[in-house]
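Scroll down for the structure; my scribbles are underneath it.
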Amino acid sequence: MKIAAEVKDAKTIGIGGHIRPDGDCVGACMALYLYLKKIYPEKQVELFLEPPSEVFRCIKDIDQICTDVTGDTNSKGDFDVFIALDTSKERLGAAEALFDRAGKTINIDHHVSNTGSGMVNYIDTKASSTSELIFDVIEEEEMDVEIAKAIYIGIVHDTGVFRYSNTSPKTMAIGAKLLSFGFDHSELIEKTFYEKTYVQNLLLGRALLESILIMDGKCIVSAIGKRTLDFYQASSKDLEGVVSQLNQTEGTECTIFMYQTGVQEYKVSLRSKGKVDVAQVAQYFDGGGHVRAAGCTMNGTFYDVVNNLTLHIEKQLKLAE
Ligand code: 5GP
Ligand code: MN
């Protein structure tokens with residue numbers, strides 16, 4: 001699929017990504033936004049996303065994102081084309097209404113849980129990231145250093161800096177092409193992926209310190225309560241990386257990390273080393289993701305959430321034995 005051809009007749013184009021956008025979501029959305037603005041300066045292109053983390057300030061035109069989708073979305077009018085990235089339409093948040101009313105809808109994603117919610121779908125679950133797919137759908141000759149940076153950031157974030165099993169020879173080949181545009185990749189990785197604020201490190205420390213091993217050490221669990229988040233004036237953005245650190249614990253097969261979002265509500269992040277398909281586990285609770293990284297929102301106490309999840313995890317571990 002080439003996106004230029006898919007949108008060539010449109011006068012207005014909307015782009016949206018999932019709620020609580022991560023690096024891949026931000027990178028993919030920004031790369032596509034920059035590309036469409038570049039090749040079609042006469043078209044109206046708008047990008048809708050919840051406010052991205054400050055670390056992505058280095059991406060050109062990130063301040064052009066329309067973050068206020070929660071208001072009267074009707075005032076935006078109906079788009080000729082709306083493109084959903086890194087999610088199916090259900091997790092577009094307020095922008096879902098814009099997607100629903102658009103003349104034509106396109107969905108580009110790499111999640112196994114995505115069944116294709118667009119009129120045109122480009123879903124490749126083998127791809128490391130949606131950003132990698134954006135590289136596929138844009139014309140290489142129109143690439144420039146700013147677009148390359150956005151795609152690079154997206155790939156770096158979803159592969160844990162070319163480390164997770166979703167990194168393929170193709171991912172590396174694309175990475176090489178992107179580097180040839182000449183930007184400080186080392187600084188980009190350091191500033192957007194590894195560098196943490198003091199508060200982020202404190203929260204990571206607490207999550208590690210308070211973690212527990214269950215299921216004979218096969219699963220590590222940790223949670224951050226609302227009172228702690230409030231105390232540090234922290235948000236979900238400050239917990240990025242916590243779950244992957246927990247998942248590095250020797251001997252474990254999977255990780256459950258959650259933070260409290262309401263009285264009896266938790267946002268859950270799941271990670272696996274391969275034996276457990278956490279996307280399948282998350283899907284039981286209306287979530288989704290990938291085999292080794294998935295998430296969902298669950299109701300109940302901390303113990304309810306753990307009990308409900310371990311039921312499914314244990315079943316899968318038994319089958320894998
Ligand atoms: P994380 O744990 O880093 O928030 O998410 C891991 C993966 O699962 C990401 O690919 C993310 O998009 C997906 N994911 C996380 N939470 C949800 C959810 O509530 N619903 C769906 N469909 N996917 C999720
Ligand atoms: Mn992604």
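Residue numbering restarts at 1 in every chain; chains get A, B, ... in the order shown in the structure tokens, and ligands count up from 1 in that same order.
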Restrict the calculation to only C-alpha atoms and all ligand atoms, then for each residue of chain A with any atom at most 6 Å from an atom of ligand 1 give the closest atom pair and their distance in Å to one decimal, rows by chain and rising residue number, as a tab-separated table.
residue	atom	partner	partner_atom_place_in_ligand_line	distance
A:Ser269	CA	ligand 1	2 (O)	3.7
A:Leu270	CA	ligand 1	2 (O)	5.8
A:Gly287	CA	ligand 1	20 (N)	3.5
A:Gly288	CA	ligand 1	22 (N)	3.5
A:Gly289	CA	ligand 1	8 (O)	3.6
A:Ala293	CA	ligand 1	6 (C)	4.6
A:Ala294	CA	ligand 1	8 (O)	3.2
A:Gly295	CA	ligand 1	16 (N)	3.3
A:Cys296	CA	ligand 1	19 (O)	3.5
A:Thr297	CA	ligand 1	19 (O)	5.4
Determine, for each residue of chain A having at least one atom at most 10 Å from an atom of ligand 2, the closest pair of atoms and their separation in Å to one decimal, counting only C-alpha atoms and all ligand atoms; order by chain and ascending number, as JSON lines.
{"residue": "A:Gly17", "atom": "CA", "partner": "ligand 2", "partner_atom_place_in_ligand_line": "1 (Mn)", "distance": 9.9}
{"residue": "A:His18", "atom": "CA", "partner": "ligand 2", "partner_atom_place_in_ligand_line": "1 (Mn)", "distance": 9.5}
{"residue": "A:Pro21", "atom": "CA", "partner": "ligand 2", "partner_atom_place_in_ligand_line": "1 (Mn)", "distance": 9.2}
{"residue": "A:Asp22", "atom": "CA", "partner": "ligand 2", "partner_atom_place_in_ligand_line": "1 (Mn)", "distance": 7.5}
{"residue": "A:Gly23", "atom": "CA", "partner": "ligand 2", "partner_atom_place_in_ligand_line": "1 (Mn)", "distance": 7.8}
{"residue": "A:Asp24", "atom": "CA", "partner": "ligand 2", "partner_atom_place_in_ligand_line": "1 (Mn)", "distance": 4.8}
{"residue": "A:Cys25", "atom": "CA", "partner": "ligand 2", "partner_atom_place_in_ligand_line": "1 (Mn)", "distance": 5.9}
{"residue": "A:Val26", "atom": "CA", "partner": "ligand 2", "partner_atom_place_in_ligand_line": "1 (Mn)", "distance": 9.3}
{"residue": "A:Gly27", "atom": "CA", "partner": "ligand 2", "partner_atom_place_in_ligand_line": "1 (Mn)", "distance": 9.5}
{"residue": "A:Ala28", "atom": "CA", "partner": "ligand 2", "partner_atom_place_in_ligand_line": "1 (Mn)", "distance": 8.6}
{"residue": "A:Leu85", "atom": "CA", "partner": "ligand 2", "partner_atom_place_in_ligand_line": "1 (Mn)", "distance": 8.7}
{"residue": "A:Asp86", "atom": "CA", "partner": "ligand 2", "partner_atom_place_in_ligand_line": "1 (Mn)", "distance": 5.2}
{"residue": "A:Thr87", "atom": "CA", "partner": "ligand 2", "partner_atom_place_in_ligand_line": "1 (Mn)", "distance": 8.0}
{"residue": "A:Asp109", "atom": "CA", "partner": "ligand 2", "partner_atom_place_in_ligand_line": "1 (Mn)", "distance": 7.3}
{"residue": "A:His110", "atom": "CA", "partner": "ligand 2", "partner_atom_place_in_ligand_line": "1 (Mn)", "distance": 6.6}
{"residue": "A:His111", "atom": "CA", "partner": "ligand 2", "partner_atom_place_in_ligand_line": "1 (Mn)", "distance": 7.2}
{"residue": "A:Ala127", "atom": "CA", "partner": "ligand 2", "partner_atom_place_in_ligand_line": "1 (Mn)", "distance": 9.2}
{"residue": "A:Ser128", "atom": "CA", "partner": "ligand 2", "partner_atom_place_in_ligand_line": "1 (Mn)", "distance": 7.6}
{"residue": "A:Ser129", "atom": "CA", "partner": "ligand 2", "partner_atom_place_in_ligand_line": "1 (Mn)", "distance": 4.7}
{"residue": "A:Thr130", "atom": "CA", "partner": "ligand 2", "partner_atom_place_in_ligand_line": "1 (Mn)", "distance": 5.2}
{"residue": "A:Ser131", "atom": "CA", "partner": "ligand 2", "partner_atom_place_in_ligand_line": "1 (Mn)", "distance": 7.5}
{"residue": "A:Glu132", "atom": "CA", "partner": "ligand 2", "partner_atom_place_in_ligand_line": "1 (Mn)", "distance": 9.3}
{"residue": "A:Gly154", "atom": "CA", "partner": "ligand 2", "partner_atom_place_in_ligand_line": "1 (Mn)", "distance": 7.7}
{"residue": "A:Ile155", "atom": "CA", "partner": "ligand 2", "partner_atom_place_in_ligand_line": "1 (Mn)", "distance": 8.3}
{"residue": "A:His157", "atom": "CA", "partner": "ligand 2", "partner_atom_place_in_ligand_line": "1 (Mn)", "distance": 8.4}
{"residue": "A:Asp158", "atom": "CA", "partner": "ligand 2", "partner_atom_place_in_ligand_line": "1 (Mn)", "distance": 5.8}
{"residue": "A:Thr159", "atom": "CA", "partner": "ligand 2", "partner_atom_place_in_ligand_line": "1 (Mn)", "distance": 9.1}
{"residue": "A:Gly289", "atom": "CA", "partner": "ligand 2", "partner_atom_place_in_ligand_line": "1 (Mn)", "distance": 8.6}
{"residue": "A:His290", "atom": "CA", "partner": "ligand 2", "partner_atom_place_in_ligand_line": "1 (Mn)", "distance": 9.2}
Check: Smallest atom-to-atom distance to Asn107 of chain A: which of A:Ser88, A:Gln248, A:Ala94, A:Val199, using only C-alpha atoms?
Finding: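 Selected residue with least distance to Asn107 of chain A: A:Ser88.
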Checklist line | Pairwise distance for atom CA of Asn299 of chain A and atom CA of Phe48 of chain A, rounded to one decimal in Å | finding: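 Pair atom CA of Asn299 of chain A / atom CA of Phe48 of chain A returns 28.2 Å.
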Check: Closest to Phe181 of chain A among A:Val45, A:Val145, A:Ile138, A:Leu36, using only C-alpha atoms?
Finding: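 Closest to Phe181 of chain A of all the choices is A:Val145.
Across the structure, atom CA of Tyr122 of chain A and atom CA of Asp78 of chain A are spaced 22.5 Å apart.
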Next item on the list: Please measure the separation of atom CA of Met172 of chain A and atom CA of Cys58 of chain A, giving the value in Å to one decimal.
Entry: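 Those two atoms sit 22.5 Å apart.
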Item checked: Selection near Ile256 of chain A, 7 Å with only C-alpha atoms, sequence-local residues under 2 positions removed, as a list in words ->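 Result of the neighbour search: Ile220, Val221, Ser222, Cys254, Met258, Val268, Ser269, Leu270 and Arg271 of chain A.
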Notebook entry, point to check: Leaving out segment 208-218 of chain A and any residue of its chain fewer than 4 positions from it, which residues lie within 8 Å of it when counting only C-alpha atoms, given as a ChimeraX atom specification?
Noted result: /A:204,222-223,246,251-254,314
Go ahead and write the residues just picked, N, CA, C and O atoms, as a tab-separated table (two decimals), in the first residue's frame.
chain	number	residue	atom	x	y	z
A	204	LEU	N	10.24	3.92	39.79
A	204	LEU	CA	10.81	2.64	39.35
A	204	LEU	C	11.35	1.90	40.57
A	204	LEU	O	11.09	0.70	40.75
A	222	SER	N	3.83	-6.24	40.42
A	222	SER	CA	4.03	-5.01	41.18
A	222	SER	C	2.92	-4.01	40.82
A	222	SER	O	2.32	-4.10	39.74
A	223	ALA	N	2.67	-3.10	41.75
A	223	ALA	CA	1.61	-2.12	41.52
A	223	ALA	C	2.00	-0.78	42.13
A	223	ALA	O	2.73	-0.72	43.12
A	246	LEU	N	11.03	-4.87	35.38
A	246	LEU	CA	10.51	-6.00	36.17
A	246	LEU	C	10.67	-7.30	35.39
A	246	LEU	O	11.04	-8.34	35.94
A	251	GLY	N	14.43	-16.05	35.87
A	251	GLY	CA	13.56	-17.16	36.26
A	251	GLY	C	12.08	-16.92	36.02
A	251	GLY	O	11.29	-17.85	36.08
A	252	THR	N	11.69	-15.69	35.77
A	252	THR	CA	10.27	-15.42	35.54
A	252	THR	C	9.90	-15.68	34.09
A	252	THR	O	10.75	-15.63	33.20
A	253	GLU	N	8.62	-15.98	33.89
A	253	GLU	CA	8.09	-16.15	32.54
A	253	GLU	C	7.26	-14.94	32.13
A	253	GLU	O	7.12	-14.66	30.95
A	254	CYS	N	6.68	-14.27	33.12
A	254	CYS	CA	5.86	-13.12	32.77
A	254	CYS	C	5.78	-12.10	33.90
A	254	CYS	O	6.15	-12.40	35.05
A	314	GLU	N	-1.70	-19.14	34.31
A	314	GLU	CA	-1.40	-20.51	34.75
A	314	GLU	C	-1.84	-21.54	33.71
A	314	GLU	O	-1.12	-22.48	33.41
Margin query: Give me the residues near Ala10 of chain A as a list of chain:residue names, where near means some atom within 8 Å (using only C-alpha atoms) and where sequence neighbours in that chain fewer than 5 positions away do not count.
Written below: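 Near neighbours after the sequence-gap exclusion: A:Lys43, A:Asp80, A:Val81.
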Next item on the list: Determine which residues of segment 46-288 of chain A receive a DSSP assignment of helix (DSSP H, G or I), computed from the backbone, and state them as number ranges by chain.
Entry: A: 54-58, 62-64, 73-76, 89-91, 93-101, 130-137, 140-142, 145-159, 169-179, 185-194, 198-209, 226-231, 236-239, 242-246, 278-284
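For the set A:Leu34, A:Leu229, A:Cys66, A:Ile59, the residue with the smallest atom-to-atom gap to Met143 of chain A is A:Leu34, counting only C-alpha atoms.
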Margin query: Taking 6 positions as the minimum chain separation for residues in the same chain, which residues sit within 9 Å of Ile313 of chain A when counting only C-alpha atoms? Answer as a ChimeraX atom specification.
Written below: /A:219,254,276-278,281
Store the residues picked out above in a file with all heavy atoms, as a compact mmCIF listing (two decimals), in the first residue's frame.
# COMPACT_ATOMS: atom_id res chain seq x y z
N CYS A 219 6.13 -15.69 37.90
CA CYS A 219 5.49 -14.42 37.55
C CYS A 219 5.86 -13.37 38.58
O CYS A 219 5.84 -13.63 39.79
CB CYS A 219 3.97 -14.64 37.50
SG CYS A 219 3.03 -13.19 37.08
N CYS A 254 6.68 -14.27 33.12
CA CYS A 254 5.86 -13.12 32.77
C CYS A 254 5.78 -12.10 33.90
O CYS A 254 6.15 -12.40 35.05
CB CYS A 254 4.47 -13.55 32.32
SG CYS A 254 3.53 -14.30 33.61
N VAL A 276 4.12 -17.50 27.51
CA VAL A 276 2.74 -17.04 27.72
C VAL A 276 2.39 -16.00 26.66
O VAL A 276 3.18 -15.11 26.38
CB VAL A 276 2.61 -16.39 29.12
CG1 VAL A 276 1.18 -15.92 29.38
CG2 VAL A 276 3.07 -17.35 30.21
N ASP A 277 1.22 -16.17 26.04
CA ASP A 277 0.74 -15.18 25.06
C ASP A 277 -0.09 -14.14 25.83
O ASP A 277 -1.26 -14.34 26.09
CB ASP A 277 -0.10 -15.89 24.00
CG ASP A 277 -0.68 -14.94 22.97
OD1 ASP A 277 -0.61 -13.70 23.18
OD2 ASP A 277 -1.21 -15.42 21.96
N VAL A 278 0.56 -13.04 26.18
CA VAL A 278 -0.15 -12.08 27.03
C VAL A 278 -1.22 -11.28 26.26
O VAL A 278 -2.14 -10.73 26.87
CB VAL A 278 0.81 -11.13 27.79
CG1 VAL A 278 1.51 -11.86 28.93
CG2 VAL A 278 1.80 -10.44 26.88
N VAL A 281 -4.24 -13.16 26.98
CA VAL A 281 -4.69 -12.89 28.36
C VAL A 281 -5.40 -11.53 28.41
O VAL A 281 -6.50 -11.41 28.95
CB VAL A 281 -3.48 -12.89 29.35
CG1 VAL A 281 -3.94 -12.52 30.75
CG2 VAL A 281 -2.80 -14.26 29.34
Margin query: Among segment 12-197 of chain A, which residues does DSSP mark as strand (DSSP E or B) when it is run on the backbone? Keep the chain and numbering as in the structure and answer as a ChimeraX atom specification.
Written below: /A:12-17,44-48,66,81-85,104-109,120-123
Next item on the list: Determine the nearest neighbour of Glu190 of chain A from the options A:Tyr40, A:Phe56, A:Tyr33, A:Phe82, counting only C-alpha atoms.
Entry: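 For Glu190 of chain A, the nearest of the given residues is A:Phe56.
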Notebook entry, point to check: With distances taken over only C-alpha atoms, which of A:Ile62, A:Ile153, A:Val55, A:Ile147 is nearest to Asp238 of chain A?
Noted result: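 Using only C-alpha atoms, the shortest distance to Asp238 of chain A belongs to A:Val55.
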Excluding Met298 of chain A and its own-chain neighbours fewer than 6 positions away, which residues fall within 10 Å of it when counting only C-alpha atoms? Please give them as a JSON list (two decimals) with C-alpha atoms, in the first residue's frame.
[["chain", "number", "residue", "atom", "x", "y", "z"],
["A", 258, "MET", "CA", -0.40, -2.14, 37.22],
["A", 260, "GLN", "CA", -4.30, 2.56, 39.88],
["A", 261, "THR", "CA", -6.56, 4.78, 37.78],
["A", 264, "GLN", "CA", -11.28, -0.06, 41.99],
["A", 265, "GLU", "CA", -9.63, 0.37, 38.62],
["A", 266, "TYR", "CA", -6.15, -0.51, 37.37],
["A", 267, "LYS", "CA", -4.33, -0.05, 34.08],
["A", 268, "VAL", "CA", -2.47, -3.31, 33.60],
["A", 282, "ALA", "CA", -5.34, -9.17, 27.86],
["A", 285, "PHE", "CA", -10.33, -8.35, 29.69],
["A", 286, "ASP", "CA", -11.05, -6.26, 26.57],
["A", 287, "GLY", "CA", -7.43, -5.29, 26.13],
["A", 304, "ASP", "CA", -8.88, -9.37, 42.33],
["A", 305, "VAL", "CA", -6.83, -8.22, 39.37],
["A", 306, "VAL", "CA", -3.93, -10.56, 40.15],
["A", 308, "ASN", "CA", -8.15, -12.96, 37.50],
["A", 309, "LEU", "CA", -4.97, -12.63, 35.47]]
Next item on the list: Find the residue from A:Ala31, A:Met1, A:Leu179, A:Val291 that sits nearest to Val112 of chain A; use only C-alpha atoms when measuring.
Entry: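 Ranked by minimum distance to Val112 of chain A, first place goes to A:Val291.
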